[in-house]
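Okay, data-v1.txt is below, compact mmCIF, C-alpha atoms:
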```
# COMPACT_ATOMS: atom_id res chain seq x y z
CA MET A 1 64.28 -60.10 -36.56
CA THR A 2 61.48 -58.01 -38.11
CA ASP A 3 58.20 -56.80 -36.64
CA THR A 4 56.40 -59.23 -38.92
CA ALA A 5 58.15 -62.16 -37.31
CA SER A 6 57.34 -60.97 -33.79
CA THR A 7 53.69 -60.43 -34.79
CA ALA A 8 53.50 -63.93 -36.24
CA ASN A 9 54.84 -65.28 -32.96
CA GLY A 10 52.04 -63.71 -30.91
CA GLY A 11 53.35 -60.14 -30.65
CA ALA A 12 51.07 -57.23 -29.70
CA ALA A 13 50.69 -55.73 -33.19
CA GLU A 14 47.32 -56.49 -34.69
CA SER A 15 46.25 -56.18 -38.28
CA PRO A 16 43.42 -53.70 -38.94
CA SER A 17 39.99 -55.31 -39.04
CA LEU A 18 36.44 -54.05 -39.63
CA ASN A 19 33.67 -56.59 -39.05
CA ILE A 20 29.88 -56.32 -39.13
CA LEU A 21 28.51 -58.17 -36.10
CA ALA A 22 24.83 -57.35 -36.67
CA GLN A 23 22.51 -55.32 -38.90
CA TYR A 24 19.01 -54.26 -37.93
CA ILE A 25 16.07 -51.96 -38.58
CA LYS A 26 15.87 -49.60 -35.63
CA ASP A 27 12.85 -47.67 -36.95
CA LEU A 28 10.80 -47.86 -40.15
CA SER A 29 7.83 -45.67 -40.99
CA PHE A 30 5.86 -45.36 -44.22
CA GLU A 31 3.05 -42.84 -44.58
CA ASN A 32 0.64 -42.72 -47.51
CA PRO A 33 -1.89 -40.17 -46.21
CA GLY A 34 -3.77 -39.62 -49.48
CA ALA A 35 -4.36 -43.26 -50.41
CA PRO A 36 -6.02 -44.38 -52.55
CA ARG A 37 -6.15 -41.04 -54.44
CA SER A 38 -2.37 -40.62 -54.16
CA LEU A 39 -1.91 -43.82 -56.20
CA GLN A 40 -3.60 -42.44 -59.34
CA ALA A 41 -1.53 -41.80 -62.46
CA ARG A 42 -0.16 -38.27 -62.70
CA GLU A 43 1.19 -36.19 -65.57
CA LYS A 44 4.50 -35.31 -63.96
CA ALA A 45 6.80 -37.01 -61.53
CA PRO A 46 6.48 -35.96 -57.89
CA ALA A 47 9.16 -33.87 -56.20
CA ILE A 48 11.20 -36.17 -53.97
CA ASN A 49 13.31 -34.83 -51.13
CA ILE A 50 15.83 -37.21 -49.55
CA ASN A 51 17.76 -36.55 -46.34
CA VAL A 52 20.60 -38.70 -45.05
CA ASN A 53 22.26 -38.74 -41.65
CA VAL A 54 24.86 -40.94 -39.95
CA ASN A 55 25.49 -41.35 -36.23
CA ALA A 56 27.90 -43.60 -34.36
CA ASN A 57 27.98 -44.58 -30.70
CA PRO A 58 30.59 -46.69 -28.90
CA LEU A 59 29.36 -49.89 -27.32
CA SER A 60 32.81 -50.88 -26.03
CA ASP A 61 36.44 -50.08 -26.86
CA ALA A 62 36.21 -51.99 -30.15
CA GLU A 63 32.48 -52.15 -30.94
CA PHE A 64 30.34 -49.36 -32.36
CA ASP A 65 26.68 -48.92 -33.22
CA VAL A 66 26.37 -47.00 -36.51
CA ILE A 67 22.93 -45.70 -37.52
CA LEU A 68 22.17 -44.67 -41.11
CA THR A 69 18.98 -42.60 -41.30
CA LEU A 70 17.20 -42.12 -44.63
CA ASN A 71 14.12 -39.89 -44.98
CA ALA A 72 12.34 -39.59 -48.33
CA GLU A 73 9.29 -37.45 -48.92
CA ALA A 74 7.40 -37.30 -52.23
CA LYS A 75 5.09 -34.37 -52.97
CA ASP A 76 2.79 -33.43 -55.81
CA GLY A 77 2.59 -29.68 -55.41
CA ASP A 78 1.81 -29.13 -51.74
CA LYS A 79 0.24 -32.58 -51.22
CA MET A 80 2.38 -35.26 -49.62
CA LEU A 81 2.18 -38.51 -51.58
CA PHE A 82 4.38 -40.55 -49.27
CA ASN A 83 6.95 -40.20 -46.54
CA VAL A 84 9.33 -43.01 -45.65
CA GLU A 85 11.72 -42.86 -42.70
CA LEU A 86 14.29 -45.54 -41.99
CA SER A 87 16.88 -45.82 -39.25
CA TYR A 88 19.08 -48.77 -40.17
CA GLY A 89 21.83 -49.85 -37.80
CA GLY A 90 24.90 -51.97 -37.76
CA VAL A 91 27.13 -53.12 -34.94
CA PHE A 92 30.75 -53.03 -36.08
CA ARG A 93 33.91 -54.37 -34.48
CA VAL A 94 36.85 -52.12 -35.35
CA THR A 95 40.33 -53.22 -34.28
CA GLY A 96 43.91 -52.39 -35.17
CA PHE A 97 43.28 -48.97 -36.76
CA PRO A 98 45.09 -45.82 -35.63
CA GLN A 99 42.86 -43.46 -33.62
CA GLU A 100 42.94 -40.82 -36.38
CA HIS A 101 41.25 -43.30 -38.76
CA MET A 102 38.32 -44.06 -36.45
CA LEU A 103 35.99 -41.20 -37.42
CA PRO A 104 36.39 -41.76 -41.19
CA LEU A 105 35.82 -45.49 -40.66
CA LEU A 106 32.67 -44.95 -38.62
CA PHE A 107 31.19 -42.16 -40.75
CA ILE A 108 32.31 -43.22 -44.26
CA GLU A 109 33.07 -46.95 -44.47
CA CYS A 110 30.43 -48.27 -42.06
CA PRO A 111 27.49 -46.41 -43.67
CA ARG A 112 28.84 -47.38 -47.09
CA LEU A 113 28.46 -51.03 -46.03
CA LEU A 114 24.95 -50.44 -44.62
CA PHE A 115 23.61 -48.37 -47.52
CA PRO A 116 22.73 -51.14 -50.03
CA PHE A 117 20.56 -52.87 -47.42
CA ALA A 118 18.86 -49.63 -46.32
CA ARG A 119 18.29 -48.67 -49.96
CA GLN A 120 16.52 -51.98 -50.60
CA ILE A 121 14.27 -51.54 -47.56
CA VAL A 122 13.21 -48.05 -48.76
CA SER A 123 12.62 -49.43 -52.26
CA ASP A 124 10.48 -52.28 -50.92
CA ALA A 125 8.50 -49.95 -48.63
CA THR A 126 7.59 -47.54 -51.44
CA ARG A 127 6.69 -50.42 -53.77
CA ASN A 128 4.57 -52.08 -51.07
CA GLY A 129 2.92 -48.70 -50.48
CA GLY A 130 1.63 -48.72 -54.06
CA PHE A 131 4.26 -46.48 -55.68
CA PRO A 132 7.09 -47.29 -58.06
CA PRO A 133 10.11 -48.45 -56.01
CA LEU A 134 12.25 -45.52 -54.90
CA MET A 135 15.85 -46.35 -55.80
CA ILE A 136 18.02 -43.87 -53.90
CA ASP A 137 21.16 -42.90 -55.84
CA PRO A 138 24.50 -43.89 -54.32
CA ILE A 139 25.62 -41.53 -51.56
CA ASP A 140 29.08 -40.00 -51.28
CA PHE A 141 29.67 -40.59 -47.57
CA ALA A 142 33.22 -39.19 -47.82
CA GLN A 143 31.85 -35.86 -49.07
CA MET A 144 29.16 -35.91 -46.34
CA PHE A 145 31.84 -36.53 -43.70
CA THR A 146 34.07 -33.72 -45.03
CA GLN A 147 31.12 -31.32 -45.02
CA ARG A 148 30.11 -32.34 -41.50
CA MET A 149 33.66 -31.84 -40.18
CA ALA A 150 33.84 -28.39 -41.83
CA GLU A 151 30.49 -27.40 -40.27
CA GLU A 152 31.62 -28.57 -36.82
CA LYS A 153 34.88 -26.64 -37.19
CA VAL A 154 32.95 -23.46 -38.01
CA ARG A 155 30.57 -24.10 -35.11
CA SER A 156 33.46 -24.53 -32.67
CA GLN A 157 35.13 -21.34 -33.95
CA VAL A 158 31.87 -19.40 -33.53
CA SER A 159 31.36 -20.71 -29.99
CA THR A 160 34.95 -19.86 -28.93
CA THR A 161 34.71 -16.30 -30.36
CA ALA A 162 31.31 -15.81 -28.65
CA ASN A 163 32.80 -16.57 -25.23
```
Structure re-expressed in structure tokens:
Amino acid sequence: MTDTASTANGGAAESPSLNILAQYIKDLSFENPGAPRSLQAREKAPAININVNVNANPLSDAEFDVILTLNAEAKDGDKMLFNVELSYGGVFRVTGFPQEHMLPLLFIECPRLLFPFARQIVSDATRNGGFPPLMIDPIDFAQMFTQRMAEEKVRSQVSTTAN
């Protein structure tokens, strides 16, 4: 008999599963400190700085709260035109994956699923603030994760050599 047959008959093996149980806005802020002057036509496009961060916290053995944070600030010279900050969360149930796949799932796949919704909220907020909608380019969460892991490895090496 194969493992597949024993699994079909109620065996312990479980197929990998990633489910979104809930999505929510944890925090949303839009600042337009120079309005209505900031809404006037300008000769050149403003400089826009976008920062992205991902955090994950366990809620139980199989459920995790993943927070995607997007900050976008537009400036014309040294004057801030707008600043939008969004913390967008999702509660995910993750079952049947090997332990070594958990961090990539939580920091790559989960934010990838949340991003289109968060992007739309930022776009709507900037449009409702009187500006053209800010459409954030797709984000390479795999590259972000790789960079974060490399930075943490360097940090741990520095802290062990300092001791």
Original post:
If we count all atoms listed in the file, what is near Phe145 of chain A at a cut-off of 9 Å, once residues fewer than 2 positions away on the same chain are taken out, given as a PyMOL selection string?
Top reply: chain A and resi 103-104+107-108+140-143+147-150
Using only the atoms of segment 132-148 of chain A listed in the file, plus 4 Å on each side, state the axis-aligned box centre and edge lengths in Å rounded to one decimal, as JSON.
```
{"center_x": 20.6, "center_y": -39.9, "center_z": -49.8, "size_x": 35.0, "size_y": 25.1, "size_z": 24.6}
```
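For the atom pair formed by atom CA of Glu14 of chain A and atom CA of Ala62 of chain A, the distance is 12.8 Å, given to one decimal.
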Original post:
For Asn55 of chain A, which residue among A:Leu18, A:Val94, A:Ile121, A:Leu105 is the nearest when counting all atoms listed in the file?
Top reply: A:Leu105
**OP:** Can you pull out every residue within 8 Å of Asn51 of chain A, counting all atoms listed in the file, but drop anything in the same chain fewer than 6 positions away, and send it as an MDAnalysis selection string?
**Re:** chainID A and resid 69:72
Original post:
Do you have the atom CA of Ser87 of chain A-atom CA of Ala125 of chain A distance handy?
Top reply: 13.2 Å
Subject >> Long-range neighbours of Ser15 of chain A as a VMD selection string, 9 Å cut-off, all atoms listed in the file, 3 positions minimum in chain >> reply: chain A and resid 95 to 97
Subject >> Two-atom distance - atom CA of Arg119 of chain A, atom CA of Leu134 of chain A (Å) >> reply: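 Computing it gives 8.4 Å between the two atoms.
If you measure from each of A:Phe82, A:Phe64, A:Tyr24, A:Phe92 to Ser38 of chain A using all atoms listed in the file, the closest one turns out to be A:Phe82.
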Subject >> Which of A:Pro16, A:Pro46, A:Pro116, A:Pro111 sits closest to Gly77 of chain A [using all atoms listed in the file] >> reply: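 Residue with the minimum atom-to-atom distance to Gly77 of chain A: A:Pro46.
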Skipping near chain neighbours, those fewer than 3 positions away, what residues fall within 12 Å of Asp78 of chain A using only C-alpha atoms, listed as an mmCIF file with C-alpha atoms, in the frame of the given file?
```
data_model
loop_
_atom_site.group_PDB
_atom_site.id
_atom_site.type_symbol
_atom_site.label_atom_id
_atom_site.label_comp_id
_atom_site.auth_asym_id
_atom_site.auth_seq_id
_atom_site.Cartn_x
_atom_site.Cartn_y
_atom_site.Cartn_z
ATOM 1 C CA PRO A 46 6.480 -35.960 -57.890
ATOM 2 C CA ALA A 47 9.160 -33.870 -56.200
ATOM 3 C CA ILE A 48 11.200 -36.170 -53.970
ATOM 4 C CA GLU A 73 9.290 -37.450 -48.920
ATOM 5 C CA ALA A 74 7.400 -37.300 -52.230
ATOM 6 C CA LYS A 75 5.090 -34.370 -52.970
ATOM 7 C CA LEU A 81 2.180 -38.510 -51.580
ATOM 8 C CA PHE A 82 4.380 -40.550 -49.270
#
```
**OP:** Tell me which of A:Cys110, A:Pro133, A:Ile67, A:Pro138 sits closest to Asp27 of chain A, counting all atoms listed in the file.
**Re:**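 Of A:Cys110, A:Pro133, A:Ile67, A:Pro138, the one nearest Asp27 of chain A is A:Ile67, counting all atoms listed in the file.
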Subject >> Residue with smallest distance to Thr126 of chain A - pool A:Asp76, A:Glu63, A:Glu109, A:Glu85, counting only C-alpha atoms >> reply: A:Glu85
**OP:** Find the residue from A:Pro58, A:Phe131, A:Leu28, A:Pro98 that sits nearest to Arg42 of chain A; use all atoms listed in the file when measuring.
**Re:**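 Going through A:Pro58, A:Phe131, A:Leu28, A:Pro98 one by one, the smallest distance to Arg42 of chain A is for A:Phe131.
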